[in-house]
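Source file final-v1.tsv; content: TSV, C-alpha atoms.
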chain	number	residue	atom	x	y	z
A	1295	MET	CA	30.01	-12.74	-62.04
A	1296	ALA	CA	32.17	-9.88	-63.28
A	1297	ASP	CA	35.85	-9.70	-62.42
A	1298	LEU	CA	36.54	-6.73	-60.15
A	1299	HIS	CA	40.15	-7.55	-59.30
A	1300	GLY	CA	42.18	-4.36	-59.10
A	1301	LYS	CA	39.11	-2.25	-58.35
A	1302	VAL	CA	38.35	-0.40	-55.11
A	1303	ALA	CA	34.80	0.16	-53.89
A	1304	VAL	CA	33.31	2.27	-51.10
A	1305	VAL	CA	30.09	1.09	-49.42
A	1306	THR	CA	28.48	3.51	-46.99
A	1307	GLY	CA	26.42	1.77	-44.34
A	1308	GLY	CA	28.33	-1.33	-45.38
A	1309	ASN	CA	28.48	-2.77	-41.88
A	1310	GLY	CA	25.07	-4.45	-42.04
A	1311	GLY	CA	21.93	-5.19	-44.01
A	1312	ILE	CA	21.83	-4.53	-47.74
A	1313	GLY	CA	25.14	-2.65	-47.62
A	1314	LEU	CA	26.95	-5.64	-46.17
A	1315	GLY	CA	25.29	-7.93	-48.69
A	1316	MET	CA	26.57	-5.70	-51.47
A	1317	ALA	CA	30.06	-5.61	-49.95
A	1318	GLU	CA	30.04	-9.42	-49.83
A	1319	GLY	CA	29.37	-9.53	-53.55
A	1320	LEU	CA	32.10	-7.02	-54.31
A	1321	VAL	CA	34.86	-8.83	-52.39
A	1322	ALA	CA	33.74	-12.15	-53.88
A	1323	ALA	CA	34.19	-10.61	-57.34
A	1324	GLY	CA	37.71	-9.47	-56.44
A	1325	ALA	CA	37.29	-5.86	-55.34
A	1326	ASP	CA	39.01	-4.26	-52.38
A	1327	VAL	CA	36.39	-2.57	-50.19
A	1328	ALA	CA	36.15	0.35	-47.78
A	1329	ILE	CA	33.20	0.25	-45.40
A	1330	TRP	CA	31.99	3.55	-44.00
A	1331	GLY	CA	29.74	3.41	-40.95
A	1332	ARG	CA	29.00	5.20	-37.69
A	1333	ASP	CA	29.20	2.15	-35.40
A	1334	GLU	CA	32.85	1.17	-34.95
A	1335	GLY	CA	31.95	-2.19	-33.42
A	1336	LYS	CA	29.74	-3.15	-36.36
A	1337	ASN	CA	32.39	-1.83	-38.74
A	1338	ALA	CA	35.02	-4.11	-37.21
A	1339	ASP	CA	32.71	-7.14	-37.26
A	1340	ALA	CA	31.76	-6.54	-40.89
A	1341	ALA	CA	35.38	-6.09	-41.95
A	1342	ALA	CA	36.37	-9.33	-40.22
A	1343	HIS	CA	33.48	-11.11	-41.93
A	1344	LEU	CA	34.50	-9.84	-45.36
A	1345	ARG	CA	38.13	-10.80	-44.81
A	1346	GLU	CA	36.99	-14.30	-43.85
A	1347	LEU	CA	34.95	-14.53	-47.07
A	1348	ALA	CA	37.82	-13.26	-49.23
A	1349	PRO	CA	41.15	-13.48	-47.38
A	1350	ASP	CA	43.08	-12.12	-50.36
A	1351	ARG	CA	41.10	-8.89	-50.51
A	1352	ARG	CA	41.96	-5.65	-48.73
A	1353	VAL	CA	39.15	-4.41	-46.48
A	1354	VAL	CA	39.17	-1.22	-44.44
A	1355	ALA	CA	36.45	0.01	-42.09
A	1356	LEU	CA	36.19	3.73	-41.41
A	1357	ARG	CA	34.00	5.52	-38.91
A	1358	CYS	CA	31.94	8.04	-40.85
A	1359	ASP	CA	28.62	9.79	-40.37
A	1360	VAL	CA	27.70	10.67	-43.95
A	1361	ALA	CA	25.58	13.59	-42.72
A	1362	ASP	CA	28.79	15.28	-41.54
A	1363	GLU	CA	30.59	16.94	-44.44
A	1364	GLN	CA	34.05	16.90	-42.88
A	1365	GLN	CA	33.76	13.23	-41.95
A	1366	VAL	CA	32.89	12.38	-45.56
A	1367	VAL	CA	35.83	14.42	-46.85
A	1368	ASP	CA	38.14	12.70	-44.36
A	1369	ALA	CA	36.81	9.20	-45.11
A	1370	THR	CA	37.37	9.74	-48.83
A	1371	THR	CA	40.97	10.77	-48.22
A	1372	GLN	CA	41.54	7.86	-45.82
A	1373	THR	CA	40.13	5.41	-48.34
A	1374	VAL	CA	42.48	6.60	-51.07
A	1375	ASP	CA	45.41	6.62	-48.65
A	1376	ALA	CA	44.69	3.02	-47.64
A	1377	LEU	CA	43.61	1.49	-50.96
A	1378	GLY	CA	45.12	3.80	-53.57
A	1379	ARG	CA	42.04	4.85	-55.53
A	1380	ILE	CA	38.24	4.57	-55.76
A	1381	ASP	CA	36.56	2.90	-58.74
A	1382	ALA	CA	33.06	2.33	-57.40
A	1383	CYS	CA	30.87	3.84	-54.72
A	1384	ILE	CA	27.63	2.55	-53.23
A	1385	ALA	CA	25.82	5.28	-51.28
A	1386	ASN	CA	23.74	3.02	-49.10
A	1387	ALA	CA	23.72	4.59	-45.62
A	1388	GLY	CA	20.21	5.43	-44.52
A	1389	VAL	CA	17.87	5.94	-41.59
A	1390	SER	CA	14.12	6.05	-41.15
A	1391	HIS	CA	11.67	7.53	-38.67
A	1392	ALA	CA	8.15	6.20	-38.24
A	1393	ALA	CA	5.45	8.72	-37.34
A	1394	PRO	CA	2.18	10.00	-38.78
A	1395	ILE	CA	2.86	13.04	-40.94
A	1396	THR	CA	0.91	15.35	-38.63
A	1397	GLU	CA	2.99	14.19	-35.66
A	1398	MET	CA	6.46	14.26	-37.23
A	1399	SER	CA	8.76	16.95	-35.89
A	1400	LEU	CA	10.88	19.09	-38.18
A	1401	ALA	CA	13.98	17.79	-36.38
A	1402	ASP	CA	13.08	14.17	-37.19
A	1403	TRP	CA	12.30	15.09	-40.81
A	1404	ARG	CA	15.61	16.89	-41.19
A	1405	ARG	CA	17.62	14.05	-39.62
A	1406	VAL	CA	16.25	11.61	-42.20
A	1407	MET	CA	17.03	14.03	-45.01
A	1408	ALA	CA	20.51	14.74	-43.62
A	1409	VAL	CA	21.53	11.09	-43.78
A	1410	ASN	CA	19.57	9.75	-46.74
A	1411	LEU	CA	19.80	12.67	-49.14
A	1412	ASP	CA	22.51	15.05	-47.92
A	1413	GLY	CA	24.70	12.08	-47.05
A	1414	ALA	CA	24.39	10.59	-50.51
A	1415	PHE	CA	25.12	13.99	-52.06
A	1416	LEU	CA	28.26	14.48	-49.95
A	1417	THR	CA	29.50	10.95	-50.55
A	1418	MET	CA	28.96	10.99	-54.29
A	1419	ARG	CA	30.34	14.51	-54.67
A	1420	GLU	CA	33.59	13.71	-52.88
A	1421	VAL	CA	34.09	10.34	-54.59
A	1422	ALA	CA	33.32	11.85	-57.99
A	1423	LYS	CA	36.12	14.36	-57.47
A	1424	ARG	CA	38.53	11.45	-57.03
A	1425	MET	CA	37.19	9.55	-60.00
A	1426	ILE	CA	37.42	12.58	-62.27
A	1427	ALA	CA	41.00	13.20	-61.15
A	1428	GLN	CA	41.89	9.55	-61.81
A	1429	GLY	CA	40.62	9.97	-65.35
A	1430	ASP	CA	39.38	6.46	-66.08
A	1431	GLY	CA	35.72	6.55	-65.08
A	1432	GLY	CA	33.90	4.61	-62.42
A	1433	ALA	CA	30.54	3.48	-61.10
A	1434	MET	CA	28.20	5.16	-58.63
A	1435	VAL	CA	25.23	3.39	-57.07
A	1436	ALA	CA	22.66	5.04	-54.81
A	1437	VAL	CA	20.41	2.79	-52.74
A	1438	SER	CA	16.90	4.23	-52.87
A	1439	SER	CA	13.73	2.30	-52.01
A	1440	THR	CA	10.40	1.24	-53.46
A	1441	SER	CA	9.02	3.74	-50.92
A	1442	ALA	CA	10.12	6.35	-53.47
A	1443	ILE	CA	7.39	5.22	-55.86
A	1444	HIS	CA	4.50	4.18	-53.64
A	1445	GLY	CA	2.79	5.78	-50.67
A	1446	ALA	CA	4.50	5.45	-47.29
A	1447	PRO	CA	2.22	7.32	-44.88
A	1448	VAL	CA	4.09	6.42	-41.69
A	1449	THR	CA	7.61	6.93	-43.11
A	1450	SER	CA	6.96	9.94	-45.31
A	1451	GLY	CA	10.36	11.52	-44.66
A	1452	TYR	CA	12.11	8.33	-45.68
A	1453	ALA	CA	10.02	8.09	-48.85
A	1454	ALA	CA	10.64	11.73	-49.76
A	1455	SER	CA	14.39	11.38	-49.24
A	1456	LYS	CA	14.52	8.27	-51.41
A	1457	ALA	CA	12.47	9.92	-54.16
A	1458	GLY	CA	14.79	12.92	-54.11
A	1459	LEU	CA	17.72	10.55	-54.45
A	1460	LEU	CA	16.35	9.30	-57.78
A	1461	ALA	CA	16.35	12.82	-59.21
A	1462	PHE	CA	19.89	13.37	-57.94
A	1463	VAL	CA	21.04	10.12	-59.58
A	1464	ARG	CA	19.70	11.26	-62.95
A	1465	SER	CA	21.41	14.62	-62.60
A	1466	CYS	CA	24.72	12.98	-61.73
A	1467	ALA	CA	24.40	10.51	-64.60
A	1468	VAL	CA	24.15	13.38	-67.08
A	1469	ALA	CA	26.79	15.54	-65.39
A	1470	TRP	CA	29.45	12.85	-65.12
A	1471	ALA	CA	28.87	10.81	-68.29
A	1472	ARG	CA	31.64	12.71	-70.08
A	1473	HIS	CA	34.04	11.47	-67.39
A	1474	GLY	CA	33.05	7.84	-67.91
A	1475	ILE	CA	31.26	7.70	-64.56
A	1476	ARG	CA	28.02	5.72	-64.59
A	1477	VAL	CA	25.38	6.53	-61.97
A	1478	ASN	CA	22.45	4.24	-61.20
A	1479	ALA	CA	19.97	3.61	-58.39
A	1480	VAL	CA	18.73	0.44	-56.72
A	1481	LEU	CA	15.23	0.29	-55.28
A	1482	PRO	CA	15.00	-2.58	-52.78
A	1483	GLY	CA	11.63	-3.91	-51.77
A	1484	TRP	CA	10.81	-5.42	-48.40
A	1485	THR	CA	14.15	-6.79	-47.22
A	1486	ARG	CA	14.93	-8.17	-43.79
A	1487	THR	CA	17.44	-5.86	-42.10
A	1488	ASP	CA	17.84	-4.23	-38.69
A	1489	MET	CA	15.79	-1.28	-39.98
A	1490	THR	CA	12.84	-3.45	-41.03
A	1491	GLU	CA	12.99	-6.11	-38.32
A	1492	LEU	CA	10.03	-4.70	-36.34
A	1493	GLY	CA	7.87	-4.94	-39.43
A	1494	TYR	CA	9.07	-8.45	-40.16
A	1495	GLN	CA	8.23	-9.57	-36.63
A	1496	ASP	CA	4.67	-8.26	-36.99
A	1497	ASP	CA	2.88	-11.37	-38.24
A	1498	ARG	CA	0.01	-9.53	-39.93
A	1499	PHE	CA	2.30	-7.05	-41.68
A	1500	ARG	CA	4.77	-9.72	-42.79
A	1501	GLU	CA	2.00	-11.94	-44.14
A	1502	ALA	CA	0.31	-9.04	-45.98
A	1503	THR	CA	3.52	-7.88	-47.66
A	1504	THR	CA	4.54	-11.44	-48.49
A	1505	ARG	CA	1.15	-12.16	-50.11
A	1506	ARG	CA	1.58	-9.08	-52.29
A	1507	THR	CA	5.08	-10.16	-53.36
A	1508	PRO	CA	4.93	-12.58	-56.33
A	1509	VAL	CA	8.00	-14.53	-55.21
A	1510	ARG	CA	6.25	-14.96	-51.84
A	1511	ARG	CA	9.07	-13.97	-49.53
A	1512	TRP	CA	10.94	-10.95	-48.20
A	1513	GLY	CA	14.35	-10.17	-49.57
A	1514	GLU	CA	17.60	-10.94	-47.80
A	1515	PRO	CA	20.83	-8.91	-47.94
A	1516	ALA	CA	22.40	-11.76	-49.93
A	1517	ASP	CA	19.93	-11.01	-52.75
A	1518	PHE	CA	21.92	-7.83	-53.44
A	1519	ARG	CA	25.37	-9.38	-53.85
A	1520	GLU	CA	25.24	-9.89	-57.61
A	1521	VAL	CA	23.21	-6.70	-58.06
A	1522	ALA	CA	26.11	-4.69	-56.65
A	1523	VAL	CA	28.64	-6.48	-58.83
A	1524	PHE	CA	26.59	-5.88	-61.98
A	1525	LEU	CA	26.19	-2.17	-61.27
A	1526	CYS	CA	29.91	-1.78	-60.48
A	1527	ASP	CA	31.08	-3.87	-63.45
A	1528	PRO	CA	33.37	-1.60	-65.53
A	1529	SER	CA	32.37	-3.42	-68.72
A	1530	GLN	CA	28.80	-2.04	-68.44
A	1531	THR	CA	29.76	1.24	-70.09
A	1532	PHE	CA	26.34	2.00	-71.63
A	1533	HIS	CA	24.21	1.60	-68.49
A	1534	THR	CA	23.61	4.84	-66.61
A	1535	GLY	CA	20.78	6.96	-65.21
A	1536	ASP	CA	18.75	3.84	-64.48
A	1537	THR	CA	16.63	2.73	-61.53
A	1538	LEU	CA	16.89	-1.00	-60.86
A	1539	VAL	CA	13.98	-2.37	-58.84
A	1540	VAL	CA	14.80	-5.46	-56.75
A	1541	ASP	CA	11.61	-6.25	-54.86
A	1542	GLY	CA	10.40	-9.73	-55.81
A	1543	GLY	CA	7.73	-8.13	-58.00
A	1544	TYR	CA	6.06	-6.18	-55.16
A	1545	THR	CA	5.60	-2.96	-57.13
A	1546	VAL	CA	4.08	-4.61	-60.22
A	1547	PHE	CA	1.51	-6.81	-58.48

As a first step, turn the structure in this file into structure tokens.
Amino acid sequence: MADLHGKVAVVTGGNGGIGLGMAEGLVAAGADVAIWGRDEGKNADAAAHLRELAPDRRVVALRCDVADEQQVVDATTQTVDALGRIDACIANAGVSHAAPITEMSLADWRRVMAVNLDGAFLTMREVAKRMIAQGDGGAMVAVSSTSAIHGAPVTSGYAASKAGLLAFVRSCAVAWARHGIRVNAVLPGWTRTDMTELGYQDDRFREATTRRTPVRRWGEPADFREVAVFLCDPSQTFHTGDTLVVDGGYTVF
């Protein structure tokens, strides 16, 4: 595992699921971490958990709805005030809405886009400003989904937002390369989180998706610990504009 001592990372939606798994990896590697999330109770629980895992690391939890521009601006400032700088950012916060396309309201579509795509834009924009001002580069990671590359008829808004995120990642990778900022995306496959728990509890759906996955299981948030550390490792200076699929082989089988 890379050594991230002296580095500060932001993880949006870091109070549960894949985001918390990534935050666990970062603190284990030595990074100080700021969790941004809307649920203050979950934020506090996640921060306490991370401090228990790595008592010598600084962990702050900030209430932030990434779809709200001012809250993102404020959370960025609060992170720097508390931890001194930002070296890595994982834009992980996301929501989904299940409905047939012909029955989805414009309001539901826009809410998914506001969090998953607008929220990632706002987060990465504000953090990039800090990284550029610091002058010594950094790492950006956007959490997309395998839904971005295969049909998702019941969660079409989610899929569209995650596909748009891939294009944004490539644009950022080109725009910020001259500043030493690397920008990559992670595409998780079926992973057991609060968002996917209903699907996991459906025996037929779980069995069908597991059969299609070569490693024959769903992912767990812990599967993303080392993934986060690798993507935030400052020694990986030549790796940018990439999409890293972590799905147990689901998309190639």

Q: Please provide the set of residues having any atom within 12 Å of Ser1465 in chain A, restricted to only C-alpha atoms, with same-chain residues fewer than 2 positions apart removed, written as JSON, numbers by chain.
A: {"A": [1415, 1418, 1419, 1458, 1459, 1460, 1461, 1462, 1463, 1467, 1468, 1469, 1470, 1471, 1476, 1477, 1478, 1479, 1534, 1535, 1536]}

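Of the listed residues A:Leu1298, A:Ile1475, A:Val1389, A:Val1327, the one whose atoms come nearest to Gly1429 in chain A is A:Ile1475, with distances taken using all atoms listed in the file.
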
Q | Which of A:Asp1412, A:Asp1375, A:Asp1339, A:Asp1541 sits closest to Thr1504 in chain A [using all atoms listed in the file] | A | A:Asp1541

Where does range 1425-1486 of chain A meet range 1398-1411 of chain A within 12 Å, residue by residue, with the nearest atom pair and distance in Å to one decimal for each, counting all atoms listed in the file, listed by chain and rising number, as CSV?
residue,atom,partner,partner_atom,distance
A:Ala1436,CA,A:Asn1410,CA,9.8
A:Val1437,CA,A:Asn1410,CA,9.2
A:Ser1438,CA,A:Asn1410,CA,8.7
A:Ser1439,CA,A:Asn1410,CA,10.8
A:Pro1447,CA,A:Met1398,CA,11.2
A:Val1448,CA,A:Met1398,CA,9.3
A:Thr1449,CA,A:Met1398,CA,9.5
A:Ser1450,CA,A:Trp1403,CA,8.7
A:Gly1451,CA,A:Trp1403,CA,5.6
A:Tyr1452,CA,A:Val1406,CA,6.3
A:Ala1453,CA,A:Val1406,CA,9.8
A:Ala1454,CA,A:Met1407,CA,8.3
A:Ser1455,CA,A:Leu1411,CA,5.6
A:Lys1456,CA,A:Asn1410,CA,7.0
A:Ala1457,CA,A:Leu1411,CA,9.3
A:Gly1458,CA,A:Leu1411,CA,7.1
A:Leu1459,CA,A:Leu1411,CA,6.1
A:Leu1460,CA,A:Leu1411,CA,9.9
A:Ala1461,CA,A:Leu1411,CA,10.6
A:Phe1462,CA,A:Leu1411,CA,8.8
A:Val1463,CA,A:Leu1411,CA,10.8

Considering only C-alpha atoms, give me a table of residues in range 1367-1425 of chain A that are at most 12 Å from range 1308-1315 of chain A, with the closest atom pair and distance in Å for each, as a Markdown table.
| residue | atom | partner | partner_atom | distance |
| --- | --- | --- | --- | --- |
| A:Cys1383 | CA | A:Gly1308 | CA | 11.0 |
| A:Ile1384 | CA | A:Gly1313 | CA | 8.0 |
| A:Ala1385 | CA | A:Gly1313 | CA | 8.8 |
| A:Asn1386 | CA | A:Gly1313 | CA | 6.0 |
| A:Ala1387 | CA | A:Gly1308 | CA | 7.5 |
| A:Gly1388 | CA | A:Gly1313 | CA | 10.0 |

Q: Would you kindly return, as a ChimeraX atom specification, each protein, DNA or RNA residue with an atom no farther than 9 Å from any atom of Arg1486 in chain A, considering only C-alpha atoms and excluding same-chain residues fewer than 3 positions away?
A: /A:1311-1312,1489-1491,1493-1494,1512-1515

Q: Go ahead and compute the interatomic distance for CA of Gln1428 in chain A and CA of Arg1379 in chain A, in Å to one decimal.
A: 7.8 Å

Q) Please, which residues are within 12 Å of (10.2, -14.4, -51.3) by the file's coordinates, counting only C-alpha atoms, and could they come as a list in words? A) Gly1483, Trp1484, Thr1485, Arg1486, Arg1500, Glu1501, Thr1503, Thr1504, Arg1505, Arg1506, Thr1507, Pro1508, Val1509, Arg1510, Arg1511, Trp1512, Gly1513, Glu1514, Asp1517, Val1540, Asp1541, Gly1542, Gly1543 and Tyr1544 of chain A

Q: Write out as a ChimeraX atom specification which residues come within 12 Å of Asp1297 in chain A when counting all atoms listed in the file, dropping same-chain ones fewer than 2 positions away.
A: /A:1295,1299-1301,1319-1326,1520,1523-1524,1526-1529

Could you give me range 1390-1412 of chain A completed to N, CA and C atoms, formatted as a compact mmCIF listing (two decimals), keeping the file's coordinate frame?
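result.txt written:
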# COMPACT_ATOMS: atom_id res chain seq x y z
N SER A 1390 15.55 5.80 -40.98
CA SER A 1390 14.12 6.05 -41.15
C SER A 1390 13.55 6.52 -39.82
N HIS A 1391 12.37 7.12 -39.87
CA HIS A 1391 11.67 7.53 -38.67
C HIS A 1391 10.18 7.33 -38.92
N ALA A 1392 9.56 6.52 -38.07
CA ALA A 1392 8.15 6.20 -38.24
C ALA A 1392 7.29 7.12 -37.39
N ALA A 1393 6.39 7.85 -38.04
CA ALA A 1393 5.45 8.72 -37.34
C ALA A 1393 4.40 9.19 -38.34
N PRO A 1394 3.16 9.37 -37.90
CA PRO A 1394 2.18 10.00 -38.78
C PRO A 1394 2.69 11.38 -39.21
N ILE A 1395 2.35 11.79 -40.40
CA ILE A 1395 2.86 13.04 -40.94
C ILE A 1395 2.53 14.21 -40.02
N THR A 1396 1.32 14.23 -39.48
CA THR A 1396 0.91 15.35 -38.63
C THR A 1396 1.61 15.36 -37.27
N GLU A 1397 2.31 14.28 -36.95
CA GLU A 1397 2.99 14.19 -35.66
C GLU A 1397 4.51 14.19 -35.80
N MET A 1398 5.01 14.28 -37.03
CA MET A 1398 6.46 14.26 -37.23
C MET A 1398 7.05 15.64 -36.96
N SER A 1399 8.11 15.68 -36.18
CA SER A 1399 8.76 16.95 -35.89
C SER A 1399 9.68 17.34 -37.05
N LEU A 1400 9.95 18.61 -37.15
CA LEU A 1400 10.88 19.09 -38.18
C LEU A 1400 12.27 18.52 -37.95
N ALA A 1401 12.66 18.35 -36.69
CA ALA A 1401 13.98 17.79 -36.38
C ALA A 1401 14.11 16.36 -36.88
N ASP A 1402 13.05 15.56 -36.70
CA ASP A 1402 13.08 14.17 -37.19
C ASP A 1402 13.10 14.13 -38.71
N TRP A 1403 12.31 15.00 -39.34
CA TRP A 1403 12.30 15.09 -40.81
C TRP A 1403 13.69 15.43 -41.32
N ARG A 1404 14.30 16.42 -40.71
CA ARG A 1404 15.61 16.89 -41.19
C ARG A 1404 16.70 15.85 -40.95
N ARG A 1405 16.61 15.08 -39.87
CA ARG A 1405 17.62 14.05 -39.62
C ARG A 1405 17.57 12.98 -40.71
N VAL A 1406 16.37 12.59 -41.11
CA VAL A 1406 16.25 11.61 -42.20
C VAL A 1406 16.83 12.17 -43.49
N MET A 1407 16.50 13.41 -43.80
CA MET A 1407 17.03 14.03 -45.01
C MET A 1407 18.55 14.18 -44.95
N ALA A 1408 19.07 14.52 -43.77
CA ALA A 1408 20.51 14.74 -43.62
C ALA A 1408 21.30 13.49 -43.95
N VAL A 1409 20.81 12.34 -43.52
CA VAL A 1409 21.53 11.09 -43.78
C VAL A 1409 21.23 10.56 -45.18
N ASN A 1410 19.96 10.45 -45.51
CA ASN A 1410 19.57 9.75 -46.74
C ASN A 1410 19.84 10.55 -48.01
N LEU A 1411 19.65 11.86 -47.94
CA LEU A 1411 19.80 12.67 -49.14
C LEU A 1411 21.08 13.50 -49.10
N ASP A 1412 21.27 14.27 -48.04
CA ASP A 1412 22.51 15.05 -47.92
C ASP A 1412 23.72 14.11 -47.89
